[in-house]
Amino acid sequence: MSAPVVPTLELRAADGARALISPHGAQLCAWQPARGGERLYLSGRTQAGPGRAIRGGVPLIFPQFAAEGPLPKHGFARDREWRLAAHGRRDDGRAYCAFTLRDDAATRALWPHAFQTELTVELQGDEIEMALAVVNLGGAAFTFTAALHTYLRVADIAAARVLGLQGLHYRDAARGERGHGEPGRVEARAALAIDGEVDRIYFHAPTQIELRDGDARLLVQNRNFPDLVVWNPGPAKAAALADLDPDGWRRMLCLEAAAIGQPLHLAPGARWQAAQRLVAA
């Protein structure tokens, strides 16, 4: 398992499955299923710290996706210190942890709402699940968007293929397309290849897609996340990212469970939850 660049909590299931999670952003940094082999990409050049997010793993995007709103890009949850609420091993051998983040003066200066976000991670065997919850603690409703910005490790991006997107409507940010709602583009390919920069939001995504990386397969499953982001910066944009390894874009692909197309509306006292599960197949 690759050495993290920030302090992390190690989870180890009874069968040997392992994960590293940082309190900085409650970010999953590494995951090895019981069969072995690292499945997440983490940049060795990441410069995580106050106001800086970890480059790789699974950054948590809340309460705003990308620059689609008045907040800093991707909101603020990914560069805050979260509180460890629980961790351990269940009777069945499954390892778990839970982190929480509540509003404070700094978050309210950016986004004037009372909230609690919760991240729960569980792993065993060849599966890991991340569940994200948001609770409205205030007296007025608010809206938000969210995503699990999952960096998956690949041997060679040129050989990677994503299955399960055919027929979906998508918006292509690499072509300058912005805004909420459904665009007119429709995915025609049964197996999506990554050629240069790819930055797409697929709407009404299926509950499972598949990443094929040579002989390796990874199932990406979601529960209550309606959208999916496919992102790779390509060589030109990657060269401008100081915290990305040289040619790191060749070894990663982001497949992100997300709620973007229709911002989520949360009434006072209400709770929203969604999850993403990765299965090494």
# chains A, B, ... in the order shown; residues from 1 in each chain; ligands from 1
$ residues_around --residues "Val279 (chain A)" --least-positions-apart "3" --cutoff "6 Å" --atoms "only C-alpha atoms" --output "ChimeraX atom specification"
/A:126-127,218-219
$ residues_around --residues "Leu132 (chain A)" --least-positions-apart "2" --cutoff "6 Å" --atoms "only C-alpha atoms" --output "JSON, numbers by chain"
{"A": [118, 119, 273, 274]}
$ closest_atom_pairs --of "region 39-74 of chain A" --to "region 139-159 of chain A" --cutoff "7 Å" --atoms "only C-alpha atoms" --output "CSV"
residue,atom,partner,partner_atom,distance
A:Arg39,CA,A:Arg153,CA,5.3
A:Leu40,CA,A:Leu152,CA,4.5
A:Tyr41,CA,A:Arg153,CA,4.5
A:Gly56,CA,A:Tyr151,CA,5.5
A:Gly57,CA,A:Tyr151,CA,5.3
A:Val58,CA,A:Thr150,CA,4.4
A:Pro59,CA,A:His149,CA,5.2
A:Leu60,CA,A:Leu148,CA,5.1
A:Ile61,CA,A:Ala147,CA,4.9
A:Phe62,CA,A:Ala146,CA,4.8
A:Pro63,CA,A:Phe144,CA,4.9
A:Gln64,CA,A:Thr145,CA,5.0
A:Phe65,CA,A:Thr145,CA,5.8
$ closest_residue --among "A:Gln262, A:Val121, A:Gln166, A:Pro235" --to "Arg277 (chain A)" --atoms "only C-alpha atoms"
A:Val121
$ atom_distance --atom1 "CA of Met252 (chain A)" --atom2 "CA of Asn232 (chain A)"
7.3 Å
$ select_by_dssp --residues "region 82-224 of chain A" --states "helix (DSSP H, G or I)" --output "PyMOL selection string"
chain A and resi 105-110+157-159+173-175
$ atom_distance --atom1 "CA of Ile209 (chain A)" --atom2 "CA of Gly164 (chain A)"
4.9 Å
$ select_by_dssp --residues "region 35-275 of chain A" --states "strand (DSSP E or B)" --output "compact mmCIF listing (two decimals) with C-alpha atoms, in the first residue's frame"
# COMPACT_ATOMS: atom_id res chain seq x y z
CA LEU A 40 -6.96 4.07 -6.12
CA LEU A 42 -2.86 9.05 -5.15
CA GLY A 49 -3.12 21.27 3.99
CA ARG A 52 -5.68 22.55 -0.09
CA GLY A 56 -6.18 11.52 -5.56
CA VAL A 58 -11.74 10.06 -3.11
CA LEU A 60 -15.66 14.72 -1.07
CA ILE A 61 -17.38 17.41 -3.10
CA PHE A 62 -19.86 19.47 -1.04
CA GLY A 75 -16.98 23.64 -2.19
CA GLU A 81 -10.45 18.69 9.07
CA ARG A 83 -13.89 14.62 13.26
CA LEU A 84 -13.41 10.89 13.63
CA ALA A 85 -16.68 9.64 15.16
CA ALA A 86 -16.07 5.87 15.18
CA HIS A 87 -13.85 3.16 13.76
CA GLY A 88 -13.18 -0.52 14.29
CA ARG A 89 -14.09 -3.97 13.06
CA ALA A 95 -13.66 -2.79 8.93
CA TYR A 96 -15.39 0.59 9.23
CA CYS A 97 -14.98 4.22 10.18
CA ALA A 98 -17.20 7.30 10.38
CA PHE A 99 -16.24 10.98 10.12
CA THR A 100 -18.37 14.10 10.61
CA LEU A 101 -18.11 17.76 9.63
CA ARG A 102 -20.35 20.50 11.06
CA PHE A 115 -25.47 21.41 8.56
CA GLN A 116 -23.73 18.19 9.40
CA THR A 117 -22.07 15.97 6.82
CA GLU A 118 -21.17 12.37 7.58
CA LEU A 119 -18.93 9.93 5.76
CA THR A 120 -18.98 6.23 6.55
CA VAL A 121 -16.51 3.77 4.99
CA GLU A 122 -16.83 -0.02 5.21
CA LEU A 123 -14.67 -2.64 3.55
CA GLN A 124 -14.28 -6.38 3.37
CA GLU A 127 -15.57 -4.41 -1.83
CA ILE A 128 -15.45 -0.97 -0.27
CA GLU A 129 -18.44 1.33 0.27
CA MET A 130 -18.48 5.06 1.01
CA ALA A 131 -21.76 6.55 2.25
CA LEU A 132 -22.20 10.32 2.32
CA ALA A 133 -24.98 11.92 4.36
CA VAL A 134 -26.05 15.55 4.76
CA VAL A 135 -28.34 16.79 7.56
CA ASN A 136 -29.98 20.23 7.62
CA PHE A 142 -30.99 24.81 1.46
CA THR A 143 -29.83 23.34 -1.85
CA PHE A 144 -26.51 21.73 -2.68
CA THR A 145 -24.67 19.50 -5.11
CA ALA A 146 -22.26 16.72 -4.16
CA ALA A 147 -19.94 14.07 -5.55
CA LEU A 148 -17.42 11.40 -4.56
CA TYR A 151 -9.59 8.60 -8.67
CA LEU A 152 -9.24 5.02 -9.92
CA ARG A 153 -5.80 3.63 -10.70
CA ALA A 160 -9.00 1.71 -20.23
CA ARG A 161 -12.66 1.36 -21.20
CA VAL A 162 -15.84 2.36 -19.36
CA LEU A 163 -18.94 0.22 -19.99
CA HIS A 169 -27.36 12.20 -22.01
CA TYR A 170 -24.23 14.07 -20.99
CA ARG A 171 -22.73 17.52 -20.73
CA ASP A 172 -19.17 18.03 -21.96
CA ARG A 185 -25.41 15.01 -26.31
CA VAL A 186 -26.01 11.27 -26.11
CA ALA A 191 -17.28 1.08 -24.41
CA LEU A 192 -16.01 4.60 -23.75
CA ALA A 193 -12.30 5.09 -24.51
CA VAL A 198 -12.42 14.08 -20.86
CA ASP A 199 -14.70 16.05 -18.53
CA ARG A 200 -18.31 14.85 -18.76
CA ILE A 201 -21.36 14.67 -16.54
CA TYR A 202 -23.67 11.77 -17.45
CA GLN A 208 -23.62 0.06 -11.97
CA ILE A 209 -20.94 0.73 -14.56
CA GLU A 210 -17.73 -1.17 -15.25
CA LEU A 211 -14.12 -0.09 -15.70
CA ARG A 212 -11.96 -2.44 -17.73
CA ASP A 213 -8.22 -1.93 -17.42
CA ALA A 216 -8.54 -6.06 -14.47
CA ARG A 217 -12.21 -5.20 -13.89
CA LEU A 218 -13.77 -2.85 -11.38
CA LEU A 219 -17.50 -2.40 -10.81
CA VAL A 220 -18.61 1.09 -9.75
CA GLN A 221 -22.01 0.96 -8.08
CA ASN A 222 -24.10 3.80 -6.68
CA ARG A 223 -27.14 4.23 -4.47
CA ASP A 227 -25.33 11.33 -12.07
CA LEU A 228 -21.82 10.20 -12.97
CA VAL A 229 -18.73 12.26 -13.81
CA VAL A 230 -15.98 10.91 -16.07
CA TRP A 231 -12.77 12.96 -15.83
CA ASN A 232 -9.19 12.80 -16.99
CA MET A 252 -5.78 7.48 -13.34
CA LEU A 253 -9.41 7.88 -14.33
CA CYS A 254 -12.06 9.58 -12.22
CA LEU A 255 -15.48 7.91 -12.17
CA GLU A 256 -17.48 9.99 -9.72
CA ALA A 257 -20.88 9.20 -8.25
CA ALA A 258 -22.60 12.59 -8.15
CA ALA A 259 -25.75 14.68 -7.71
CA ILE A 260 -25.28 17.65 -10.04
CA GLY A 261 -27.94 17.98 -12.74
CA GLN A 262 -30.73 18.79 -10.30
CA PRO A 263 -29.42 20.43 -7.10
CA LEU A 264 -30.68 18.67 -4.00
CA HIS A 265 -33.22 20.49 -1.80
CA LEU A 266 -33.09 19.71 1.92
CA ARG A 271 -31.41 14.06 5.97
CA TRP A 272 -30.08 12.94 2.57
CA GLN A 273 -27.80 9.97 2.02
CA ALA A 274 -26.17 8.29 -0.96
CA ALA A 275 -23.39 5.76 -1.43
$ closest_residue --among "A:Ala26, A:Ala205, A:Ala105, A:Ile194" --to "Gly234 (chain A)" --atoms "only C-alpha atoms"
A:Ile194
$ residues_around --residues "Gln32 (chain A)" --least-positions-apart "5" --cutoff "9 Å" --atoms "only C-alpha atoms" --output "list in words"
Met1, Gly16, Ala17, Arg18, Ala19, Gly37, Glu38, Arg39, Leu40 and Asp126 of chain A
$ residues_around --residues "Thr8 (chain A)" --least-positions-apart "5" --cutoff "12 Å" --atoms "only C-alpha atoms" --output "MDAnalysis selection string"
chainID A and resid 2:3 19:30 54 81:82 84 97
$ closest_residue --among "A:Ala173, A:Ala13, A:Ala238, A:Ala48" --to "Ala34 (chain A)" --atoms "only C-alpha atoms"
A:Ala13
$ atom_distance --atom1 "CA of Pro206 (chain A)" --atom2 "CA of Gly176 (chain A)"
25.0 Å
$ residues_around --residues "Leu241 (chain A)" --least-positions-apart "6" --cutoff "10 Å" --atoms "only C-alpha atoms" --output "VMD selection string"
chain A and resid 45 to 46 55 233
